[in-house]
>>> print(open('structure.cif').read())   # mmCIF, C-alpha atoms
data_work
loop_
_atom_site.label_atom_id
_atom_site.label_comp_id
_atom_site.auth_asym_id
_atom_site.auth_seq_id
_atom_site.Cartn_x
_atom_site.Cartn_y
_atom_site.Cartn_z
CA MET A 227 29.85 68.66 -31.09
CA SER A 228 31.35 68.26 -27.61
CA PRO A 229 28.71 67.50 -24.98
CA ARG A 230 28.13 70.01 -22.19
CA GLN A 231 28.44 69.08 -18.55
CA ILE A 232 25.91 66.79 -16.88
CA THR A 233 25.55 67.13 -13.11
CA VAL A 234 24.52 63.97 -11.27
CA LEU A 235 23.19 64.03 -7.71
CA GLY A 236 22.79 60.99 -5.50
CA GLU A 237 24.30 58.15 -3.57
CA CYS A 238 27.38 55.98 -3.62
CA VAL A 239 26.89 52.42 -2.39
CA ALA A 240 29.51 49.81 -1.61
CA ASP A 241 28.34 46.74 -3.55
CA ALA A 242 29.61 43.61 -1.80
CA PHE A 243 29.50 40.33 -3.73
CA THR A 244 29.92 36.93 -2.09
CA GLU A 245 32.92 34.85 -3.11
CA PRO A 246 34.10 31.33 -2.19
CA ALA A 247 35.50 31.26 1.34
CA PRO A 248 38.09 28.91 2.91
CA SER A 249 35.46 27.30 5.12
CA ARG A 250 31.70 27.07 5.54
CA ASN A 251 32.00 29.18 8.69
CA GLU A 252 33.29 32.18 6.75
CA LEU A 253 31.84 34.61 4.23
CA ALA A 254 34.17 36.28 1.75
CA LEU A 255 33.05 39.52 0.13
CA ARG A 256 34.44 41.41 -2.85
CA VAL A 257 33.47 45.08 -2.58
CA LEU A 258 33.02 47.25 -5.67
CA PRO A 259 32.03 50.94 -5.78
CA GLY A 260 28.41 51.28 -6.88
CA GLY A 261 25.14 53.13 -6.31
CA GLY A 262 22.86 54.10 -9.19
CA PRO A 263 23.73 57.81 -9.49
CA ALA A 264 27.46 57.14 -8.93
CA ASN A 265 27.39 54.47 -11.65
CA THR A 266 25.73 56.90 -14.05
CA ALA A 267 28.26 59.65 -13.31
CA ALA A 268 31.19 57.27 -13.87
CA ALA A 269 29.67 55.96 -17.11
CA LEU A 270 29.07 59.49 -18.43
CA ALA A 271 32.65 60.53 -17.72
CA ARG A 272 34.05 57.37 -19.33
CA LEU A 273 31.97 58.06 -22.44
CA GLY A 274 33.44 61.54 -22.73
CA THR A 275 30.72 63.74 -21.22
CA PRO A 276 32.00 66.17 -18.58
CA ALA A 277 30.32 64.73 -15.48
CA ARG A 278 30.12 66.39 -12.10
CA PHE A 279 28.88 64.35 -9.14
CA LEU A 280 27.11 65.91 -6.16
CA ALA A 281 27.60 63.35 -3.41
CA ARG A 282 28.11 63.14 0.32
CA LEU A 283 31.28 61.06 0.60
CA SER A 284 32.19 59.47 3.91
CA GLY A 285 35.77 59.44 5.13
CA ASP A 286 35.57 55.72 5.87
CA VAL A 287 37.21 52.93 3.86
CA PHE A 288 34.27 52.73 1.45
CA GLY A 289 34.16 56.48 0.98
CA ARG A 290 37.83 56.47 0.02
CA LEU A 291 37.09 53.68 -2.46
CA PHE A 292 34.26 55.73 -4.02
CA ARG A 293 36.42 58.81 -4.35
CA ALA A 294 39.32 56.94 -5.95
CA HIS A 295 36.98 55.14 -8.40
CA LEU A 296 35.11 58.27 -9.46
CA GLU A 297 38.27 60.35 -9.87
CA ALA A 298 39.91 57.57 -11.90
CA SER A 299 36.84 57.57 -14.16
CA GLY A 300 37.23 61.32 -14.73
CA VAL A 301 34.29 62.50 -12.60
CA ASP A 302 34.43 66.05 -11.20
CA LEU A 303 34.07 65.84 -7.41
CA SER A 304 34.72 69.52 -6.72
CA CYS A 305 31.23 69.96 -5.22
CA ALA A 306 31.16 66.70 -3.27
CA VAL A 307 30.61 67.02 0.49
CA ASP A 308 33.03 65.50 3.00
CA ALA A 309 30.56 63.68 5.26
CA ALA A 310 31.05 62.51 8.84
CA GLU A 311 28.49 59.71 8.56
CA PRO A 312 29.39 56.17 7.36
CA SER A 313 28.95 54.89 3.81
CA THR A 314 26.01 52.84 2.58
CA LEU A 315 26.67 49.11 2.07
CA ALA A 316 24.71 46.66 -0.09
CA VAL A 317 25.35 42.92 -0.14
CA ALA A 318 24.44 41.31 -3.46
CA GLU A 319 23.42 37.74 -4.20
CA LEU A 320 23.45 36.74 -7.87
CA ASP A 321 21.14 34.16 -9.41
CA ALA A 322 22.01 31.86 -12.31
CA GLN A 323 21.17 34.60 -14.83
CA GLY A 324 23.38 37.19 -13.13
CA GLN A 325 20.42 39.11 -11.67
CA ALA A 326 21.27 40.64 -8.31
CA THR A 327 19.21 40.76 -5.12
CA PHE A 328 20.50 43.25 -2.57
CA SER A 329 20.31 43.53 1.19
CA PHE A 330 21.08 47.06 2.35
CA HIS A 331 22.85 48.54 5.35
CA ALA A 332 21.78 52.14 4.99
CA GLN A 333 20.53 53.46 8.33
CA ALA A 334 21.70 57.03 9.01
CA THR A 335 24.43 56.82 6.36
CA ALA A 336 26.05 59.75 4.59
CA ASP A 337 24.03 59.67 1.37
CA TRP A 338 20.68 60.84 2.78
CA GLN A 339 21.77 63.75 5.00
CA TRP A 340 21.62 66.58 2.46
CA THR A 341 20.99 70.11 3.75
CA GLY A 342 19.86 73.12 1.77
CA ALA A 343 23.14 74.88 2.57
CA GLU A 344 25.17 72.07 1.00
CA LEU A 345 23.42 72.47 -2.37
CA ALA A 346 22.75 76.22 -2.28
CA GLY A 347 26.14 77.16 -3.69
CA VAL A 348 26.18 74.73 -6.64
CA ASP A 349 26.68 76.68 -9.87
CA LEU A 350 24.71 75.21 -12.78
CA THR A 351 25.80 77.77 -15.38
CA ASP A 352 27.72 75.18 -17.44
CA THR A 353 25.31 72.28 -16.78
CA ALA A 354 23.09 71.09 -19.63
CA CYS A 355 21.34 68.38 -17.62
CA VAL A 356 20.82 67.42 -13.98
CA HIS A 357 20.30 63.71 -13.38
CA THR A 358 19.24 62.08 -10.12
CA GLY A 359 17.10 59.31 -8.78
CA SER A 360 17.09 56.16 -6.71
CA LEU A 361 17.17 56.48 -2.95
CA ALA A 362 18.30 60.11 -2.88
CA LEU A 363 14.79 61.08 -3.97
CA VAL A 364 12.97 59.22 -1.20
CA LYS A 365 15.28 58.78 1.82
CA GLU A 366 14.78 61.40 4.51
CA PRO A 367 15.94 63.81 5.69
CA GLY A 368 17.59 64.76 2.39
CA ALA A 369 14.85 63.87 -0.10
CA ALA A 370 12.96 67.15 0.22
CA VAL A 371 16.22 69.08 -0.19
CA VAL A 372 16.96 67.17 -3.41
CA GLU A 373 13.46 67.91 -4.77
CA ASP A 374 13.91 71.62 -4.04
CA PHE A 375 17.27 71.57 -5.83
CA LEU A 376 15.68 69.99 -8.91
CA ALA A 377 12.88 72.53 -8.95
CA ALA A 378 15.42 75.35 -8.92
CA ALA A 379 17.63 73.65 -11.55
CA ALA A 380 14.74 73.14 -13.99
CA SER A 381 14.84 76.78 -15.06
CA ARG A 382 18.28 76.32 -16.63
CA ALA A 383 18.86 72.58 -17.28
CA THR A 384 17.15 69.47 -18.58
CA ILE A 385 16.04 67.28 -15.66
CA SER A 386 16.51 63.51 -15.84
CA LEU A 387 15.17 61.05 -13.25
CA ASP A 388 15.59 57.31 -12.62
CA PRO A 389 13.38 56.11 -9.72
CA ASN A 390 15.36 52.83 -9.32
CA VAL A 391 12.88 51.50 -6.76
CA ARG A 392 14.44 49.66 -3.80
CA PRO A 393 11.49 48.06 -1.99
CA LEU A 394 13.66 46.50 0.73
CA LEU A 395 14.67 49.98 1.89
CA VAL A 396 11.70 52.18 1.01
CA ARG A 397 8.13 50.98 0.49
CA PRO A 398 6.98 51.32 -3.15
CA GLU A 399 3.99 53.39 -2.06
CA VAL A 400 6.44 56.14 -0.97
CA TYR A 401 7.71 56.30 -4.57
CA ARG A 402 4.15 56.17 -5.94
CA ALA A 403 3.10 59.10 -3.78
CA ARG A 404 5.89 61.29 -5.18
CA LEU A 405 6.10 60.08 -8.78
CA ALA A 406 3.59 62.53 -10.30
CA HIS A 407 5.44 65.39 -8.62
CA TRP A 408 8.76 64.12 -10.00
CA CYS A 409 7.28 63.91 -13.50
CA GLY A 410 6.28 67.54 -13.13
CA LEU A 411 9.96 68.34 -12.57
CA ALA A 412 11.43 65.92 -15.10
CA ASP A 413 11.98 66.08 -18.84
CA VAL A 414 13.38 62.52 -18.99
CA LEU A 415 12.09 59.58 -16.96
CA ARG A 416 14.08 56.35 -17.32
CA LEU A 417 13.02 53.29 -15.41
CA SER A 418 13.18 49.52 -15.59
CA GLU A 419 10.43 47.01 -16.18
CA ASP A 420 10.81 45.97 -12.53
CA ASP A 421 10.28 49.59 -11.48
CA LEU A 422 7.12 49.72 -13.60
CA ASP A 423 5.74 46.60 -11.89
CA LEU A 424 6.31 48.19 -8.48
CA LEU A 425 5.06 51.69 -9.37
CA LEU A 426 2.03 50.83 -11.50
CA PRO A 427 1.33 47.11 -10.93
CA GLY A 428 -0.46 45.43 -13.83
CA THR A 429 -0.28 48.51 -16.08
CA PRO A 430 0.80 47.99 -19.72
CA PRO A 431 4.01 49.94 -20.51
CA GLU A 432 2.31 52.12 -23.13
CA GLN A 433 -0.42 53.14 -20.69
CA ALA A 434 2.20 53.89 -18.04
CA CYS A 435 4.05 56.14 -20.48
CA ASP A 436 0.86 58.10 -21.17
CA THR A 437 0.24 58.46 -17.43
CA TRP A 438 3.70 59.92 -16.90
CA HIS A 439 3.45 62.16 -19.97
CA ALA A 440 0.24 63.57 -18.54
CA ALA A 441 2.09 64.32 -15.31
CA GLY A 442 4.78 66.26 -17.19
CA ALA A 443 7.61 64.01 -18.41
CA ARG A 444 8.23 64.51 -22.16
CA LEU A 445 10.49 61.49 -22.71
CA VAL A 446 9.79 58.19 -20.93
CA VAL A 447 12.09 55.21 -21.49
CA ILE A 448 11.35 51.78 -20.02
CA THR A 449 14.24 49.34 -20.20
CA ARG A 450 13.24 45.67 -20.42
CA GLY A 451 16.45 43.71 -20.08
CA ALA A 452 16.89 41.20 -22.89
CA ALA A 453 13.72 42.59 -24.53
CA GLY A 454 15.37 45.95 -25.18
CA ALA A 455 13.75 49.30 -24.46
CA LEU A 456 10.50 51.13 -25.12
CA ALA A 457 10.79 54.89 -25.57
CA SER A 458 7.88 57.31 -25.69
CA LEU A 459 8.24 60.97 -26.69
CA ASP A 460 5.00 62.82 -25.99
CA GLY A 461 3.15 59.61 -26.89
CA GLU A 462 5.13 58.76 -30.05
CA ARG A 463 6.78 55.40 -29.42
CA VAL A 464 9.71 53.37 -30.61
CA THR A 465 11.07 49.99 -29.49
CA VAL A 466 14.79 49.28 -29.56
CA PRO A 467 16.18 45.73 -29.30
CA ALA A 468 18.80 44.75 -26.75
CA VAL A 469 22.36 44.03 -27.84
CA THR A 470 23.25 40.35 -27.49
CA THR A 471 26.05 39.76 -24.99
CA GLN A 472 27.47 37.13 -22.66
CA VAL A 473 26.03 38.24 -19.30
CA VAL A 474 28.30 38.07 -16.25
CA ASP A 475 25.83 40.07 -14.16
CA THR A 476 23.34 42.88 -14.70
CA VAL A 477 24.56 45.15 -11.90
CA GLY A 478 24.70 48.75 -13.14
CA ALA A 479 23.22 47.97 -16.56
CA GLY A 480 20.30 50.38 -16.19
CA ASP A 481 22.59 53.12 -14.91
CA SER A 482 24.88 52.61 -17.91
CA PHE A 483 21.91 52.72 -20.28
CA THR A 484 20.86 56.05 -18.79
CA ALA A 485 24.40 57.39 -19.18
CA GLY A 486 24.49 56.27 -22.81
CA LEU A 487 21.11 57.85 -23.50
CA LEU A 488 22.07 61.19 -21.95
CA HIS A 489 25.56 61.18 -23.44
CA HIS A 490 24.17 60.67 -26.94
CA LEU A 491 21.50 63.35 -26.53
CA GLY A 492 24.09 65.74 -25.13
CA ALA A 493 26.54 65.07 -27.95
CA GLN A 494 23.78 66.03 -30.41
CA GLY A 495 23.21 69.31 -28.57
CA LEU A 496 19.72 68.28 -27.48
CA LEU A 497 20.09 68.83 -23.73
CA GLY A 498 19.86 72.14 -21.93
CA GLY A 499 16.14 72.88 -21.93
CA ARG A 500 12.77 71.24 -22.30
CA LEU A 501 13.76 68.93 -25.21
CA THR A 502 11.81 71.10 -27.65
CA ASP A 503 14.04 70.11 -30.60
CA LEU A 504 13.96 66.39 -29.82
CA ARG A 505 12.53 64.05 -32.48
CA LEU A 506 11.66 60.38 -32.27
CA ASP A 507 14.58 59.35 -34.49
CA ASP A 508 16.92 61.19 -32.08
CA VAL A 509 15.42 59.17 -29.24
CA GLU A 510 15.82 55.91 -31.14
CA ALA A 511 19.48 56.62 -31.90
CA ALA A 512 20.17 57.54 -28.26
CA CYS A 513 18.43 54.38 -27.00
CA ARG A 514 20.41 52.22 -29.42
CA PHE A 515 23.60 53.74 -28.08
CA GLY A 516 22.38 53.19 -24.52
CA THR A 517 21.75 49.48 -25.17
CA ARG A 518 25.33 49.10 -26.43
CA VAL A 519 26.71 50.70 -23.27
CA ALA A 520 24.45 48.55 -21.07
CA ALA A 521 25.45 45.35 -22.89
CA LEU A 522 29.14 46.02 -22.30
CA THR A 523 28.43 46.65 -18.61
CA CYS A 524 26.64 43.29 -18.39
CA SER A 525 29.64 41.54 -19.94
CA VAL A 526 31.88 42.28 -16.93
CA ALA A 527 31.50 41.85 -13.18
CA GLY A 528 29.81 44.57 -11.15
CA PRO A 529 28.98 48.15 -12.10
CA ASN A 530 31.95 48.68 -14.40
CA PRO A 531 30.80 50.76 -17.41
CA PRO A 532 32.85 50.89 -20.62
CA TRP A 533 35.16 53.65 -21.76
CA GLN A 534 34.52 55.38 -25.05
CA SER A 535 37.65 53.74 -26.47
CA ARG A 536 36.06 50.31 -26.00
CA LEU A 537 32.97 51.35 -27.95
CA THR A 538 35.19 52.79 -30.69
CA GLN A 539 37.14 49.52 -30.91
CA ILE A 540 33.94 47.50 -31.30
CA ALA A 541 32.52 49.89 -33.90
CA THR A 542 35.79 49.68 -35.88
CA ALA A 543 35.76 45.88 -35.71
CA ASP A 544 32.12 45.76 -36.86
CA ARG A 545 32.97 47.86 -39.93
CA ALA A 546 35.99 45.73 -40.83
#
>>> encode(input="structure.cif", output="structure tokens")
Amino acid sequence: MSPRQITVLGECVADAFTEPAPSRNELALRVLPGGGPANTAAALARLGTPARFLARLSGDVFGRLFRAHLEASGVDLSCAVDAAEPSTLAVAELDAQGQATFSFHAQATADWQWTGAELAGVDLTDTACVHTGSLALVKEPGAAVVEDFLAAAASRATISLDPNVRPLLVRPEVYRARLAHWCGLADVLRLSEDDLDLLLPGTPPEQACDTWHAAGARLVVITRGAAGALASLDGERVTVPAVTTQVVDTVGAGDSFTAGLLHHLGAQGLLGGRLTDLRLDDVEAACRFGTRVAALTCSVAGPNPPWQSRLTQIATADRA
């Protein structure tokens, strides 16, 4: 079964990584196109799901980089907005394990300036799922517009959210104040263990899942890095191990996992409504696929998700 379209809404971020410079008085940066929602859209398209990205793309040098990257990945940008504001920039520092810490340059940038008029004409007739998250949900003035769009989309599409908490830009309490409302809109809530620690400090993952189920989310998936993922469907749980890989860095791994999860569910014809036909073994299979996609993303530098052909090659080699 060919998956139906998934529409992703959110930001593009220029991820700048430090590199060796000719002298101690210089800083060399290698800039890669990133941003959680953009990474997810690119990963979906590379996996073979028709992916449309609702973004506000600047005309600056970074905006041109985003556009070229997304189009090369096969993402539909027909509803993207040409924005006058500058692009968002994040400078990443990697630790010995490849974990990234970001400093953001995001004041008054293009990604957060959504208006109701810009989203009013988006046709969701062919969309099985709308995915969003990260800063687009919390950065004003556009956050309220995004929430209204999700509320309208919920009548015809599965809603997927990834909070992707960025405490250096937005205080965690801002996310906490809106999370129950988001769960009321969402069918799928995917978040990391780090997000859990910021949103519900000291809360066991299983208890957190029950809290978010009670607020409305049917499927909650908590990714735990090398420890794999915990998935909870209306309180029924399954744990999926991570795929062992040589980690270059973890940038974009969670976004790739989300893309793998949604791609697999969509390919099984399980997206498009309130997940009423979803079973726990479907969730387990989708999470296992998501961990494979995430592992391949970790094996290369930056948010560079794999193409379906790469997954097919590995599967063929494993069977040989």
>>> closest_residue(input="structure.cif", among="A:Ala511, A:Leu253, A:Leu537, A:Val348", to="Arg272 in chain A", atoms="all atoms listed in the file")
A:Leu537
>>> closest_residue(input="structure.cif", among="A:Asp503, A:Asp423, A:Asp475, A:Glu373", to="Leu459 in chain A", atoms="all atoms listed in the file")
A:Asp503
>>> resolve_selection(input="structure.cif", expression="the PyMOL selection byres ((chain A and resi 391-406) around 6)", output="PyMOL selection string")
chain A and resi 389-390+407-409+421+425+441
>>> residues_around(input="structure.cif", residues="Leu303 in chain A", least_positions_apart="4", cutoff="12 Å", atoms="all atoms listed in the file", output="PyMOL selection string")
chain A and resi 233-235+264+267-268+271+276-283+292-299+307-308+348
>>> resolve_selection(input="structure.cif", expression="the PyMOL selection byres ((chain A and resi 484-492) around 9)", output="ChimeraX atom specification")
/A:227-232,265-271,273-275,354-355,386,388,416-417,479-483,493-498,504,508-509,511-520
>>> closest_residue(input="structure.cif", among="A:Pro431, A:Gly410, A:Gly442, A:Gly478", to="Leu456 in chain A", atoms="all atoms listed in the file")
A:Pro431
>>> atom_distance(input="structure.cif", atom1="CA of Asp460 in chain A", atom2="CA of Val371 in chain A")
28.8 Å
>>> build_atoms(input="structure.cif", residues="range 261-283 of chain A", atoms="N, CA, C and O atoms", output="PDB file, in the frame of the given file")
ATOM      1  N   GLY A 261      26.167  52.118  -6.558  1.00  0.00           N
ATOM      2  CA  GLY A 261      25.140  53.130  -6.310  1.00  0.00           C
ATOM      3  C   GLY A 261      24.692  53.709  -7.632  1.00  0.00           C
ATOM      4  O   GLY A 261      25.527  54.146  -8.443  1.00  0.00           O
ATOM      5  N   GLY A 262      23.374  53.702  -7.891  1.00  0.00           N
ATOM      6  CA  GLY A 262      22.860  54.100  -9.190  1.00  0.00           C
ATOM      7  C   GLY A 262      23.390  55.425  -9.720  1.00  0.00           C
ATOM      8  O   GLY A 262      23.950  55.488 -10.834  1.00  0.00           O
ATOM      9  N   PRO A 263      23.233  56.526  -8.987  1.00  0.00           N
ATOM     10  CA  PRO A 263      23.730  57.810  -9.490  1.00  0.00           C
ATOM     11  C   PRO A 263      25.250  57.825  -9.691  1.00  0.00           C
ATOM     12  O   PRO A 263      25.744  58.379 -10.679  1.00  0.00           O
ATOM     13  N   ALA A 264      25.999  57.193  -8.777  1.00  0.00           N
ATOM     14  CA  ALA A 264      27.460  57.140  -8.930  1.00  0.00           C
ATOM     15  C   ALA A 264      27.833  56.357 -10.185  1.00  0.00           C
ATOM     16  O   ALA A 264      28.745  56.750 -10.927  1.00  0.00           O
ATOM     17  N   ASN A 265      27.122  55.244 -10.433  1.00  0.00           N
ATOM     18  CA  ASN A 265      27.390  54.470 -11.650  1.00  0.00           C
ATOM     19  C   ASN A 265      27.144  55.307 -12.899  1.00  0.00           C
ATOM     20  O   ASN A 265      27.911  55.244 -13.865  1.00  0.00           O
ATOM     21  N   THR A 266      26.058  56.077 -12.887  1.00  0.00           N
ATOM     22  CA  THR A 266      25.730  56.900 -14.050  1.00  0.00           C
ATOM     23  C   THR A 266      26.776  57.991 -14.265  1.00  0.00           C
ATOM     24  O   THR A 266      27.189  58.252 -15.402  1.00  0.00           O
ATOM     25  N   ALA A 267      27.226  58.611 -13.189  1.00  0.00           N
ATOM     26  CA  ALA A 267      28.260  59.650 -13.310  1.00  0.00           C
ATOM     27  C   ALA A 267      29.547  59.066 -13.876  1.00  0.00           C
ATOM     28  O   ALA A 267      30.170  59.658 -14.769  1.00  0.00           O
ATOM     29  N   ALA A 268      29.961  57.897 -13.378  1.00  0.00           N
ATOM     30  CA  ALA A 268      31.190  57.270 -13.870  1.00  0.00           C
ATOM     31  C   ALA A 268      31.046  56.902 -15.347  1.00  0.00           C
ATOM     32  O   ALA A 268      31.976  57.112 -16.139  1.00  0.00           O
ATOM     33  N   ALA A 269      29.892  56.351 -15.715  1.00  0.00           N
ATOM     34  CA  ALA A 269      29.670  55.960 -17.110  1.00  0.00           C
ATOM     35  C   ALA A 269      29.700  57.177 -18.031  1.00  0.00           C
ATOM     36  O   ALA A 269      30.287  57.140 -19.122  1.00  0.00           O
ATOM     37  N   LEU A 270      29.061  58.267 -17.622  1.00  0.00           N
ATOM     38  CA  LEU A 270      29.070  59.490 -18.430  1.00  0.00           C
ATOM     39  C   LEU A 270      30.501  59.978 -18.663  1.00  0.00           C
ATOM     40  O   LEU A 270      30.884  60.303 -19.794  1.00  0.00           O
ATOM     41  N   ALA A 271      31.277  60.028 -17.591  1.00  0.00           N
ATOM     42  CA  ALA A 271      32.650  60.530 -17.720  1.00  0.00           C
ATOM     43  C   ALA A 271      33.470  59.611 -18.625  1.00  0.00           C
ATOM     44  O   ALA A 271      34.256  60.091 -19.458  1.00  0.00           O
ATOM     45  N   ARG A 272      33.295  58.310 -18.500  1.00  0.00           N
ATOM     46  CA  ARG A 272      34.050  57.370 -19.330  1.00  0.00           C
ATOM     47  C   ARG A 272      33.656  57.484 -20.807  1.00  0.00           C
ATOM     48  O   ARG A 272      34.471  57.215 -21.694  1.00  0.00           O
ATOM     49  N   LEU A 273      32.419  57.884 -21.056  1.00  0.00           N
ATOM     50  CA  LEU A 273      31.970  58.060 -22.440  1.00  0.00           C
ATOM     51  C   LEU A 273      32.430  59.370 -23.048  1.00  0.00           C
ATOM     52  O   LEU A 273      32.330  59.563 -24.262  1.00  0.00           O
ATOM     53  N   GLY A 274      32.918  60.281 -22.212  1.00  0.00           N
ATOM     54  CA  GLY A 274      33.440  61.540 -22.730  1.00  0.00           C
ATOM     55  C   GLY A 274      32.596  62.759 -22.422  1.00  0.00           C
ATOM     56  O   GLY A 274      32.915  63.862 -22.874  1.00  0.00           O
ATOM     57  N   THR A 275      31.522  62.591 -21.658  1.00  0.00           N
ATOM     58  CA  THR A 275      30.720  63.740 -21.220  1.00  0.00           C
ATOM     59  C   THR A 275      31.311  64.301 -19.935  1.00  0.00           C
ATOM     60  O   THR A 275      31.529  63.540 -18.984  1.00  0.00           O
ATOM     61  N   PRO A 276      31.569  65.601 -19.854  1.00  0.00           N
ATOM     62  CA  PRO A 276      32.000  66.170 -18.580  1.00  0.00           C
ATOM     63  C   PRO A 276      30.931  65.912 -17.508  1.00  0.00           C
ATOM     64  O   PRO A 276      29.792  66.355 -17.654  1.00  0.00           O
ATOM     65  N   ALA A 277      31.290  65.157 -16.490  1.00  0.00           N
ATOM     66  CA  ALA A 277      30.320  64.730 -15.480  1.00  0.00           C
ATOM     67  C   ALA A 277      30.754  65.213 -14.108  1.00  0.00           C
ATOM     68  O   ALA A 277      31.875  64.928 -13.664  1.00  0.00           O
ATOM     69  N   ARG A 278      29.871  65.943 -13.464  1.00  0.00           N
ATOM     70  CA  ARG A 278      30.120  66.390 -12.100  1.00  0.00           C
ATOM     71  C   ARG A 278      29.164  65.631 -11.174  1.00  0.00           C
ATOM     72  O   ARG A 278      27.983  65.477 -11.478  1.00  0.00           O
ATOM     73  N   PHE A 279      29.687  65.159 -10.052  1.00  0.00           N
ATOM     74  CA  PHE A 279      28.880  64.350  -9.140  1.00  0.00           C
ATOM     75  C   PHE A 279      28.710  65.080  -7.811  1.00  0.00           C
ATOM     76  O   PHE A 279      29.692  65.408  -7.133  1.00  0.00           O
ATOM     77  N   LEU A 280      27.458  65.341  -7.463  1.00  0.00           N
ATOM     78  CA  LEU A 280      27.110  65.910  -6.160  1.00  0.00           C
ATOM     79  C   LEU A 280      26.805  64.750  -5.229  1.00  0.00           C
ATOM     80  O   LEU A 280      25.775  64.098  -5.352  1.00  0.00           O
ATOM     81  N   ALA A 281      27.727  64.486  -4.321  1.00  0.00           N
ATOM     82  CA  ALA A 281      27.600  63.350  -3.410  1.00  0.00           C
ATOM     83  C   ALA A 281      28.052  63.764  -2.025  1.00  0.00           C
ATOM     84  O   ALA A 281      28.781  64.750  -1.862  1.00  0.00           O
ATOM     85  N   ARG A 282      27.609  62.996  -1.040  1.00  0.00           N
ATOM     86  CA  ARG A 282      28.110  63.140   0.320  1.00  0.00           C
ATOM     87  C   ARG A 282      29.007  61.930   0.572  1.00  0.00           C
ATOM     88  O   ARG A 282      28.522  60.813   0.750  1.00  0.00           O
ATOM     89  N   LEU A 283      30.314  62.148   0.539  1.00  0.00           N
ATOM     90  CA  LEU A 283      31.280  61.060   0.600  1.00  0.00           C
ATOM     91  C   LEU A 283      31.847  60.924   2.011  1.00  0.00           C
ATOM     92  O   LEU A 283      32.465  61.853   2.547  1.00  0.00           O
TER      93      LEU A 283
END
